[in-house]
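Participant: File name target_32.cif; file contents mmCIF, C-alpha atoms; full text below.
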```
data_structure
#
loop_
_atom_site.label_atom_id
_atom_site.label_comp_id
_atom_site.auth_asym_id
_atom_site.auth_seq_id
_atom_site.Cartn_x
_atom_site.Cartn_y
_atom_site.Cartn_z
CA MET D 1 25.25 -40.96 -0.19
CA ASP D 2 28.07 -43.13 -1.54
CA LEU D 3 28.51 -44.73 1.85
CA ALA D 4 24.79 -45.55 2.00
CA PHE D 5 24.96 -47.17 -1.45
CA ASP D 6 28.05 -49.18 -0.49
CA LEU D 7 26.41 -50.29 2.74
CA ILE D 8 23.28 -51.42 0.86
CA ILE D 9 25.43 -53.45 -1.58
CA GLY D 10 27.50 -54.97 1.23
CA LEU D 11 24.49 -55.87 3.33
CA SER D 12 22.58 -57.35 0.39
CA LEU D 13 25.65 -59.40 -0.60
CA THR D 14 25.86 -60.84 2.89
CA GLY D 15 22.10 -61.39 3.00
CA VAL D 16 22.01 -63.16 -0.37
CA ALA D 17 25.02 -65.30 0.63
CA TRP D 18 23.17 -66.34 3.80
CA ARG D 19 20.05 -67.15 1.79
CA ILE D 20 22.13 -69.28 -0.63
CA VAL D 21 23.43 -71.36 2.27
CA ARG D 22 19.97 -71.68 3.78
CA ALA D 23 18.07 -72.20 0.49
CA ARG D 24 15.52 -74.98 0.55
CA ASP D 25 16.21 -76.44 -2.88
CA HIS D 26 18.96 -76.27 -5.48
CA PHE D 27 16.97 -74.20 -7.96
CA GLN D 28 16.44 -71.42 -5.45
CA ALA D 29 20.12 -71.53 -4.51
CA ILE D 30 21.19 -71.20 -8.15
CA VAL D 31 18.88 -68.23 -8.80
CA LEU D 32 20.22 -66.60 -5.64
CA PHE D 33 23.77 -67.36 -6.77
CA ILE D 34 23.13 -65.52 -10.06
CA THR D 35 21.72 -62.60 -8.05
CA PHE D 36 24.83 -62.72 -5.89
CA GLY D 37 27.03 -62.50 -8.99
CA LEU D 38 25.17 -59.45 -10.29
CA LEU D 39 25.40 -57.71 -6.91
CA LEU D 40 29.08 -58.60 -6.75
CA SER D 41 29.71 -57.00 -10.13
CA LEU D 42 28.00 -53.85 -8.78
CA ALA D 43 30.41 -53.97 -5.85
CA TRP D 44 33.38 -54.28 -8.23
CA THR D 45 32.07 -51.30 -10.16
CA ARG D 46 32.00 -49.30 -6.93
CA LEU D 47 35.61 -50.37 -6.30
CA LYS D 48 36.47 -48.85 -9.71
CA SER D 49 37.43 -52.22 -11.21
CA PRO D 50 35.29 -52.38 -14.36
CA ASP D 51 37.31 -55.29 -15.79
CA ILE D 52 36.46 -57.58 -12.91
CA ALA D 53 32.89 -56.26 -12.89
CA ILE D 54 32.37 -57.24 -16.54
CA ALA D 55 34.01 -60.63 -16.02
CA GLU D 56 31.98 -61.27 -12.87
CA ALA D 57 28.68 -60.34 -14.52
CA ALA D 58 29.44 -62.44 -17.60
CA VAL D 59 31.10 -65.49 -16.04
CA GLY D 60 29.93 -65.47 -12.42
CA ALA D 61 26.32 -64.61 -13.11
CA GLY D 62 25.84 -65.60 -16.76
CA LEU D 63 27.77 -68.68 -17.82
CA ALA D 64 28.16 -70.13 -14.32
CA GLY D 65 24.38 -69.83 -14.00
CA VAL D 66 23.90 -71.79 -17.24
CA LEU D 67 26.35 -74.48 -16.08
CA LEU D 68 24.71 -74.75 -12.66
CA MET D 69 21.25 -75.04 -14.23
CA ASP D 70 22.62 -77.81 -16.47
CA ALA D 71 24.09 -79.57 -13.45
CA LEU D 72 20.71 -79.25 -11.74
CA GLY D 73 19.05 -80.87 -14.75
CA ALA D 74 21.55 -83.75 -14.59
CA LEU D 75 21.04 -84.14 -10.84
CA SER D 76 17.26 -84.17 -10.99
CA SER D 77 17.15 -86.64 -13.88
CA SER D 78 19.40 -89.11 -12.10
CA LYS D 79 17.50 -91.35 -9.73
CA ASN D 80 19.83 -91.55 -6.76
CA ARG D 81 19.64 -88.17 -5.09
CA THR D 82 22.16 -87.38 -2.47
CA SER D 83 20.89 -86.34 0.90
CA GLN D 84 20.91 -82.64 1.63
CA ALA D 85 22.01 -83.06 5.21
CA LYS D 86 24.30 -80.20 6.09
CA SER D 87 27.44 -81.45 7.71
CA ILE D 88 28.52 -79.62 10.81
CA ARG D 89 32.11 -80.56 9.99
CA LEU D 90 32.06 -78.13 7.06
CA ILE D 91 32.19 -75.26 9.52
CA ILE D 92 35.90 -75.77 10.24
CA PRO D 93 37.13 -75.52 6.61
CA CYS D 94 34.76 -72.57 6.12
CA LEU D 95 36.25 -70.78 9.13
CA VAL D 96 39.79 -71.49 7.92
CA LEU D 97 38.92 -70.13 4.48
CA ALA D 98 37.32 -67.04 6.02
CA ALA D 99 40.45 -66.45 8.12
CA VAL D 100 42.72 -66.81 5.08
CA LEU D 101 40.56 -64.39 3.10
CA ALA D 102 40.33 -61.94 5.98
CA TYR D 103 44.11 -61.82 6.41
CA PRO D 104 44.94 -59.78 3.28
CA VAL D 105 41.97 -57.48 3.95
CA LEU D 106 43.06 -56.72 7.50
CA PHE D 107 46.74 -56.36 6.67
CA ILE D 108 46.81 -54.27 3.52
CA PRO D 109 50.46 -53.22 3.01
CA ASP D 110 51.08 -49.51 3.37
CA ASP D 111 52.71 -49.08 -0.02
CA PHE D 112 50.02 -50.72 -2.13
CA GLN D 113 50.23 -47.76 -4.53
CA ARG D 114 53.81 -48.71 -5.38
CA LEU D 115 52.92 -51.57 -7.74
CA GLY D 116 50.56 -49.33 -9.68
CA SER D 117 53.24 -46.72 -10.26
CA VAL D 118 55.75 -49.40 -11.30
CA VAL D 119 53.24 -50.71 -13.87
CA ARG D 120 52.58 -47.20 -15.16
CA GLN D 121 56.31 -46.57 -15.59
CA ALA D 122 56.84 -49.76 -17.58
CA LEU D 123 53.65 -49.29 -19.64
CA PRO D 124 55.23 -47.60 -22.71
CA GLU D 125 57.46 -50.64 -23.32
CA THR D 126 54.44 -52.86 -23.98
CA GLY D 127 52.84 -50.62 -26.57
CA LEU D 128 49.58 -50.79 -24.61
CA GLU D 129 47.75 -47.92 -22.97
CA TYR D 130 45.75 -49.82 -20.39
CA PRO D 131 47.62 -51.16 -17.33
CA VAL D 132 45.31 -54.12 -16.59
CA THR D 133 45.78 -55.64 -20.04
CA ALA D 134 49.52 -55.00 -19.81
CA VAL D 135 49.69 -56.86 -16.50
CA LEU D 136 47.53 -59.75 -17.75
CA LEU D 137 49.24 -60.31 -21.09
CA ASP D 138 52.75 -59.02 -20.57
CA PHE D 139 54.08 -58.46 -17.04
CA ARG D 140 52.32 -61.46 -15.52
CA GLY D 141 51.88 -63.36 -18.76
CA TYR D 142 52.62 -66.74 -17.22
CA ASP D 143 49.70 -66.35 -14.80
CA THR D 144 47.36 -65.93 -17.74
CA TRP D 145 49.10 -68.83 -19.46
CA LEU D 146 48.42 -71.10 -16.49
CA GLU D 147 44.81 -69.86 -16.30
CA LEU D 148 44.29 -70.84 -19.94
CA GLY D 149 45.87 -74.19 -19.08
CA VAL D 150 43.42 -74.69 -16.21
CA LEU D 151 40.50 -73.90 -18.51
CA LEU D 152 41.83 -76.33 -21.11
CA VAL D 153 42.27 -79.08 -18.53
CA ALA D 154 38.71 -78.51 -17.28
CA VAL D 155 37.36 -78.90 -20.83
CA LEU D 156 39.45 -82.03 -21.37
CA GLY D 157 38.11 -83.44 -18.11
CA VAL D 158 34.51 -82.80 -19.13
CA LEU D 159 35.07 -84.35 -22.56
CA CYS D 160 36.74 -87.39 -20.95
CA VAL D 161 33.87 -87.92 -18.54
CA ARG D 162 31.46 -87.59 -21.40
CA ARG D 163 33.50 -90.11 -23.37
CA THR D 164 32.93 -88.38 -26.67
CA ASP D 165 35.11 -86.12 -28.69
CA THR D 166 32.62 -84.75 -31.15
CA ILE D 167 30.51 -81.74 -30.56
CA ARG D 168 28.17 -82.50 -33.45
CA GLY D 169 26.12 -85.05 -31.56
CA SER D 170 25.08 -82.62 -28.89
CA ILE D 171 23.41 -80.08 -31.17
CA LEU D 172 19.83 -79.80 -30.01
CA PRO D 173 16.96 -80.00 -32.47
CA ALA D 174 15.76 -76.60 -33.55
CA PRO D 175 12.74 -75.41 -31.56
CA ALA D 176 9.47 -74.99 -33.39
CA GLU D 177 8.67 -71.51 -32.16
CA PRO D 178 9.88 -68.56 -34.22
CA VAL D 179 10.89 -66.39 -31.24
CA GLY D 180 14.14 -68.29 -30.65
CA ARG D 181 15.20 -67.82 -34.26
CA TRP D 182 14.19 -64.17 -34.13
CA ILE D 183 16.41 -63.62 -31.10
CA ILE D 184 19.36 -65.20 -32.88
CA LYS D 185 18.89 -62.99 -35.93
CA LEU D 186 18.74 -59.94 -33.68
CA LEU D 187 21.29 -60.70 -31.00
CA LEU D 188 24.02 -62.72 -32.71
CA PRO D 189 25.43 -59.96 -34.95
CA LEU D 190 25.37 -57.60 -31.97
CA MET D 191 27.16 -60.13 -29.77
CA VAL D 192 29.91 -60.74 -32.30
CA LEU D 193 30.24 -56.97 -32.69
CA ILE D 194 30.42 -56.40 -28.93
CA GLY D 195 32.92 -59.26 -28.55
CA GLY D 196 35.20 -57.71 -31.14
CA TYR D 197 34.70 -54.28 -29.61
CA LEU D 198 35.68 -55.51 -26.13
CA LEU D 199 38.73 -57.27 -27.56
CA TRP D 200 39.89 -54.14 -29.34
CA LEU D 201 39.05 -51.98 -26.33
CA GLY D 202 41.46 -53.97 -24.15
CA ALA D 203 44.45 -52.03 -25.52
CA PHE D 204 43.38 -48.74 -23.95
CA ALA D 205 40.25 -49.24 -21.79
CA PRO D 206 38.53 -51.90 -19.64
CA GLY D 207 37.94 -54.96 -21.79
CA GLY D 208 40.18 -57.60 -23.31
CA ALA D 209 40.49 -61.25 -24.08
CA PHE D 210 38.48 -62.70 -21.19
CA GLN D 211 35.50 -60.38 -21.53
CA ALA D 212 35.43 -60.72 -25.31
CA GLY D 213 35.78 -64.49 -25.05
CA VAL D 214 32.86 -64.73 -22.65
CA VAL D 215 30.61 -62.63 -24.88
CA LEU D 216 31.48 -64.82 -27.87
CA ALA D 217 30.90 -67.92 -25.75
CA SER D 218 27.43 -66.73 -24.75
CA ALA D 219 26.72 -66.11 -28.43
CA GLY D 220 27.66 -69.74 -29.02
CA VAL D 221 25.47 -70.92 -26.15
CA ILE D 222 22.51 -69.01 -27.61
CA LEU D 223 23.17 -70.60 -31.01
CA TRP D 224 23.21 -74.03 -29.43
CA GLN D 225 20.13 -73.40 -27.25
CA ALA D 226 18.14 -72.45 -30.31
CA GLY D 227 19.30 -75.55 -32.16
CA HIS D 228 21.13 -73.61 -34.82
CA PRO D 229 23.27 -76.04 -36.85
CA SER D 230 26.13 -73.62 -37.49
CA LEU D 231 28.13 -74.75 -34.44
CA GLY D 232 28.40 -78.22 -35.92
CA LEU D 233 29.82 -76.87 -39.17
CA LEU D 234 33.19 -76.21 -37.55
CA PRO D 235 35.36 -79.25 -38.39
CA ARG D 236 36.55 -81.33 -35.46
CA MET D 237 40.18 -80.64 -36.23
CA TRP D 238 39.63 -76.87 -36.11
CA TRP D 239 37.62 -77.19 -32.95
CA LYS D 240 40.56 -78.91 -31.27
CA ILE D 241 43.13 -76.47 -32.63
CA LEU D 242 41.11 -73.45 -31.50
CA LEU D 243 40.51 -74.99 -28.07
CA CYS D 244 44.26 -75.15 -27.55
CA SER D 245 45.15 -71.95 -29.40
CA GLY D 246 45.35 -69.70 -26.33
CA PHE D 247 47.61 -72.05 -24.39
CA LEU D 248 49.56 -72.83 -27.55
CA SER D 249 50.28 -69.21 -28.39
CA PHE D 250 51.77 -68.65 -24.94
CA LEU D 251 53.78 -71.84 -25.35
CA ILE D 252 55.16 -70.69 -28.69
CA LEU D 253 56.01 -67.34 -27.14
CA ALA D 254 57.78 -69.05 -24.24
CA CYS D 255 59.81 -71.35 -26.54
CA TRP D 256 60.67 -68.45 -28.82
CA SER D 257 61.89 -66.32 -25.92
CA LEU D 258 63.87 -69.26 -24.56
CA VAL D 259 65.95 -69.35 -27.73
CA PHE D 260 66.10 -65.75 -28.89
CA THR D 261 65.94 -63.58 -25.76
CA ASP D 262 67.39 -63.60 -22.27
CA GLY D 263 64.40 -63.45 -19.95
CA LEU D 264 61.41 -65.77 -19.59
CA MET D 265 58.62 -64.79 -21.97
CA THR D 266 60.09 -61.43 -22.88
CA HIS D 267 59.62 -60.14 -26.36
CA PRO D 268 61.07 -57.12 -28.15
CA GLU D 269 58.12 -56.88 -30.54
CA ALA D 270 55.66 -56.57 -27.69
CA LYS D 271 52.67 -55.20 -29.58
CA VAL D 272 52.64 -57.94 -32.22
CA TRP D 273 53.00 -60.72 -29.66
CA ILE D 274 50.39 -59.28 -27.34
CA LEU D 275 47.87 -58.89 -30.17
CA GLY D 276 48.50 -62.44 -31.37
CA VAL D 277 48.25 -63.95 -27.90
CA GLU D 278 45.14 -61.91 -27.11
CA TYR D 279 43.27 -62.95 -30.26
CA ALA D 280 44.22 -66.60 -29.79
CA ALA D 281 43.24 -66.46 -26.11
CA THR D 282 39.85 -64.91 -26.95
CA LEU D 283 38.95 -67.64 -29.43
CA SER D 284 40.25 -70.31 -27.11
CA ILE D 285 38.33 -68.98 -24.08
CA ALA D 286 35.14 -68.72 -26.13
CA LEU D 287 35.43 -72.27 -27.45
CA CYS D 288 36.44 -73.69 -24.04
CA LEU D 289 33.39 -72.14 -22.38
CA ILE D 290 31.07 -73.32 -25.17
CA SER D 291 32.54 -76.83 -24.87
CA LEU D 292 31.97 -76.79 -21.11
CA VAL D 293 28.28 -76.03 -21.66
CA LEU D 294 27.89 -78.42 -24.58
CA GLY D 295 29.73 -81.21 -22.81
CA SER D 296 27.80 -80.97 -19.57
CA PRO D 297 26.38 -84.30 -18.40
CA ALA D 298 22.80 -83.05 -18.57
CA ARG D 299 23.02 -83.39 -22.33
CA ASN D 300 23.70 -87.11 -21.99
CA HIS D 301 20.52 -87.61 -20.04
CA ARG D 302 18.50 -85.53 -22.41
CA THR D 303 19.76 -87.38 -25.47
CA ASP D 304 19.30 -90.71 -23.69
CA ASP D 305 15.74 -89.83 -22.77
CA GLY D 306 14.78 -88.47 -26.17
CA MET G 1 20.17 -26.57 -11.89
CA SER G 2 19.72 -26.52 -15.61
CA MET G 3 16.66 -27.59 -17.56
CA SER G 4 18.23 -30.84 -18.78
CA GLU G 5 19.15 -31.83 -15.23
CA ILE G 6 15.60 -31.23 -13.99
CA LEU G 7 14.22 -33.32 -16.87
CA SER G 8 16.81 -36.03 -16.12
CA VAL G 9 15.80 -36.23 -12.46
CA PHE G 10 12.12 -36.26 -13.41
CA PHE G 11 12.49 -39.13 -15.89
CA CYS G 12 14.76 -41.17 -13.58
CA LEU G 13 12.22 -40.80 -10.77
CA SER G 14 9.40 -41.89 -13.10
CA GLY G 15 11.47 -44.92 -14.03
CA GLY G 16 12.01 -45.65 -10.36
CA ILE G 17 8.24 -45.54 -9.76
CA PHE G 18 7.71 -48.09 -12.53
CA PHE G 19 10.38 -50.34 -11.01
CA LEU G 20 8.71 -50.01 -7.60
CA ALA G 21 5.31 -50.85 -9.08
CA GLY G 22 6.81 -53.82 -10.92
CA THR G 23 8.42 -55.13 -7.75
CA VAL G 24 5.19 -54.75 -5.78
CA GLY G 25 3.39 -56.59 -8.57
CA LEU G 26 5.99 -59.36 -8.57
CA ILE G 27 5.47 -59.87 -4.84
CA ARG G 28 1.70 -59.36 -4.66
CA PHE G 29 0.26 -60.84 -7.87
CA PRO G 30 -1.25 -64.29 -7.49
CA ASP G 31 -0.04 -66.27 -10.54
CA THR G 32 2.95 -66.41 -12.86
CA TYR G 33 1.29 -64.78 -15.88
CA SER G 34 0.38 -61.59 -14.04
CA ARG G 35 3.78 -61.56 -12.35
CA LEU G 36 5.42 -61.71 -15.77
CA HIS G 37 3.19 -58.83 -16.83
CA ALA G 38 4.35 -56.75 -13.85
CA LEU G 39 8.01 -57.63 -14.41
CA THR G 40 8.12 -56.78 -18.10
CA LYS G 41 6.43 -53.44 -17.46
CA ALA G 42 9.16 -52.63 -14.95
CA ASP G 43 11.85 -53.66 -17.44
CA ASN G 44 10.46 -51.86 -20.45
CA LEU G 45 9.05 -48.64 -19.05
CA GLY G 46 11.15 -48.29 -15.92
CA LEU G 47 14.45 -48.85 -17.68
CA GLY G 48 13.20 -46.82 -20.65
CA PHE G 49 12.48 -43.78 -18.48
CA ILE G 50 15.80 -44.10 -16.65
CA VAL G 51 17.69 -44.36 -19.95
CA LEU G 52 15.75 -41.34 -21.24
CA GLY G 53 16.65 -39.42 -18.10
CA LEU G 54 20.32 -40.34 -18.46
CA ILE G 55 20.36 -39.33 -22.13
CA PHE G 56 19.56 -35.76 -21.03
CA VAL G 57 22.80 -35.60 -19.05
CA ALA G 58 24.89 -37.79 -21.40
CA GLY G 59 28.15 -36.14 -22.39
CA SER G 60 28.52 -37.29 -25.99
CA VAL G 61 26.71 -38.89 -28.91
CA PRO G 62 28.38 -42.34 -28.52
CA GLU G 63 27.29 -42.36 -24.89
CA THR G 64 23.69 -41.67 -25.95
CA ILE G 65 23.84 -44.45 -28.53
CA LYS G 66 25.21 -46.89 -25.94
CA LEU G 67 22.43 -45.96 -23.49
CA GLY G 68 19.81 -46.50 -26.19
CA LEU G 69 21.41 -49.81 -27.12
CA THR G 70 21.27 -50.90 -23.47
CA TRP G 71 17.55 -50.28 -23.36
CA PHE G 72 17.00 -52.03 -26.69
CA LEU G 73 18.94 -55.13 -25.58
CA ALA G 74 17.08 -55.23 -22.27
CA LEU G 75 13.79 -54.99 -24.21
CA VAL G 76 14.75 -57.90 -26.46
CA GLY G 77 16.01 -59.95 -23.53
CA SER G 78 13.09 -59.35 -21.18
CA SER G 79 10.34 -59.76 -23.77
CA SER G 80 11.77 -63.01 -25.13
CA ALA G 81 12.46 -64.37 -21.63
CA CYS G 82 8.86 -63.49 -20.78
CA TYR G 83 7.69 -65.36 -23.88
CA PHE G 84 9.76 -68.44 -23.04
CA ILE G 85 8.58 -68.56 -19.42
CA GLY G 86 4.97 -67.99 -20.41
CA ASN G 87 5.17 -70.59 -23.17
CA HIS G 88 6.69 -73.13 -20.79
CA ILE G 89 3.97 -72.56 -18.17
CA HIS G 90 1.26 -72.73 -20.81
CA HIS G 91 2.51 -76.07 -22.15
CA SER G 92 3.18 -77.60 -18.75
CA SER G 93 -0.23 -76.56 -17.43
CA LYS G 94 -1.92 -77.87 -20.57
CA ALA G 95 -0.12 -81.15 -20.03
CA ARG G 96 -1.49 -81.26 -16.50
CA GLY G 97 -4.99 -80.44 -17.73
CA LYS G 98 -5.28 -77.11 -15.99
CA ILE G 99 -6.49 -73.88 -17.50
CA ASN G 100 -4.67 -71.45 -15.29
CA GLY G 101 -0.98 -71.29 -14.53
CA PRO G 102 0.38 -73.26 -11.61
CA GLY G 103 0.76 -70.08 -9.56
CA VAL G 104 4.21 -70.75 -8.26
#
```
Can you present the structure in this file as structure tokens?
Facilitator:
Amino acid sequence: MDLAFDLIIGLSLTGVAWRIVRARDHFQAIVLFITFGLLLSLAWTRLKSPDIAIAEAAVGAGLAGVLLMDALGALSSSKNRTSQAKSIRLIIPCLVLAAVLAYPVLFIPDDFQRLGSVVRQALPETGLEYPVTAVLLDFRGYDTWLELGVLLVAVLGVLCVRRTDTIRGSILPAPAEPVGRWIIKLLLPLMVLIGGYLLWLGAFAPGGAFQAGVVLASAGVILWQAGHPSLGLLPRMWWKILLCSGFLSFLILACWSLVFTDGLMTHPEAKVWILGVEYAATLSIALCLISLVLGSPARNHRTDDG
Amino acid sequence: MSMSEILSVFFCLSGGIFFLAGTVGLIRFPDTYSRLHALTKADNLGLGFIVLGLIFVAGSVPETIKLGLTWFLALVGSSSACYFIGNHIHHSSKARGKINGPGV
């Protein structure tokens, strides 16, 4: 029964991926891409990786879908459309990529359980009860640091291309219909609650900074979509500080450990540091993702047109 | 097999039938309005029955509350998405001077 379910997921993933490549227009491809993300999160659930499943459903299917739809709006409103001719030369990089991805699948090391037991042994030192969060924020903290840096650079790039540094100008006018406002009243408190819950859950169960940040970011996107003015109330200075806060907290930790401890990014007061870094990273991820959506070029066209 | 398990299977199957009917409607119905109608029925009733079936085998009270919350959020999401899509079609077809939806 389980095998049948896994086979159905695997086959539909491959089928949807094929349809994405062969899709007639961009809109269809984007909708199929969102479907692909949801199926992929099902696959992660079957692989007993709920963290990746939540992140995939929220980022891969949710926010990436919003960003792609925005990009589609920008593409269709610009006059010079690029030709959709599929280049045959793309096959070679695709094959290389497939080979690189297939390599770790075909040659799984025999002692892949070893890392898990090492993490479990070192877990009490971090003060956390959930190994994934411990790996993300403590054992491999610099990976997460660099990820936050990549996100920050992406936001800076978008803001540079947009040639504006204020978020106020991109607040949409509030829609006339009452349903949008009703949804905000209903969903926003729940989303903030769920974001906080996921953040707190990260210490001992699947959840954590990324998932919580994405939920808060989607709350922000809903606020902006409905033209709610509260996003613009955040002063520009605070917006900038919070954008950098995740990267900055890791930087402070790194500098602190450089002076006061022996190893790179080690910390005797693990729990305090991890909590601080996690909260800062959540806010920073949420604001970075909101800024990516708000700063997308489609907004320029819309404000130019209107 | 206990009574709660039988009830659970019964409600989950009923939910599955609603999802099947909704999918058939989505494929077979001629225009967007009736497709929306079919879709939201699948979301509301199908998911509702499945959640009801799962509540019968839920282990604890928090689990039951989370299941109920899932259904409630799906209800809010699907009904408002349905409203937005319908509203958009209505306005765009009015702008084009048609009475019916575009049927895409």
Participant: Do you know which residues the PyMOL selection byres ((chain D) within 10 of (chain G)) returns on this file, as a list in words?
Facilitator: Glu177, Val179, Gly180, Trp182, Ile183, Leu186, Leu187 and Leu190 of chain D
Participant: Could you spell out the hits of the PyMOL selection byres ((chain G and resi 13-20) around 9) on the shown file, as a PyMOL selection string?
Facilitator: chain G and resi 8-12+21-25+39+41-43+45-51+53
Participant: Report the distance between atom CA of D:Phe36 and atom CA of D:Leu13 in Å, rounded to one decimal place.
Facilitator: 6.3 Å
Participant: Quick one: pull the distance between atom CA of G:Leu52 and atom CA of G:Ser2, Å, one decimal.
Facilitator: 16.3 Å
Participant: Please indicate the distance in Å from atom CA of D:Leu47 to atom CA of D:Gly213, rounded to one decimal place.
Facilitator: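 So the answer is 23.5 Å.
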Participant: Please return the centre and edge lengths, in Å to one decimal, of a box with edges along x, y and z that contains all listed atoms of stretch 95-108 of chain D, widened by 4 Å on every side, as JSON.
Facilitator:
```
{"center_x": 41.5, "center_y": -62.9, "center_z": 6.1, "size_x": 18.6, "size_y": 25.2, "size_z": 14.0}
```
Participant: Would you mind telling me which residue in D:Leu201, D:Ile241, D:Gly127, D:Gly149 lies nearest to D:Trp273 when using all atoms listed in the file?
Facilitator: D:Gly127
Participant: For stretch 119-126 of chain D, list every protein, DNA or RNA residue within 10 Å, evaluated using all atoms listed in the file, and leave out those in the same chain fewer than 6 positions away; present the list as a list in words.
Facilitator: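 The contact residues come out as Val132, Thr133, Ala134, Val135, Leu137, Asp138, Phe139, His267, Pro268, Glu269, Ala270, Lys271, Val272, Trp273 and Ile274 of chain D.
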Participant: Here's the selection I'm unsure about, the PyMOL selection byres ((chain D and resi 221) around 12); applied to the file above, which residues does it give, as JSON, numbers by chain?
Facilitator: {"D": [62, 63, 66, 67, 171, 172, 184, 188, 191, 214, 215, 216, 217, 218, 219, 220, 222, 223, 224, 225, 226, 227, 228, 230, 231, 286, 287, 288, 289, 290, 291, 292, 293, 294, 295]}
Participant: Do a neighbour search on D:Phe250 at 9 Å with all atoms listed in the file, toss out local chain neighbours closer than 6 positions, and write the hits as a list in words.
Facilitator: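 Contacts, in chain order: Gly141, Tyr142, Thr144, Trp145, Met265, Val277 and Ala281 of chain D.
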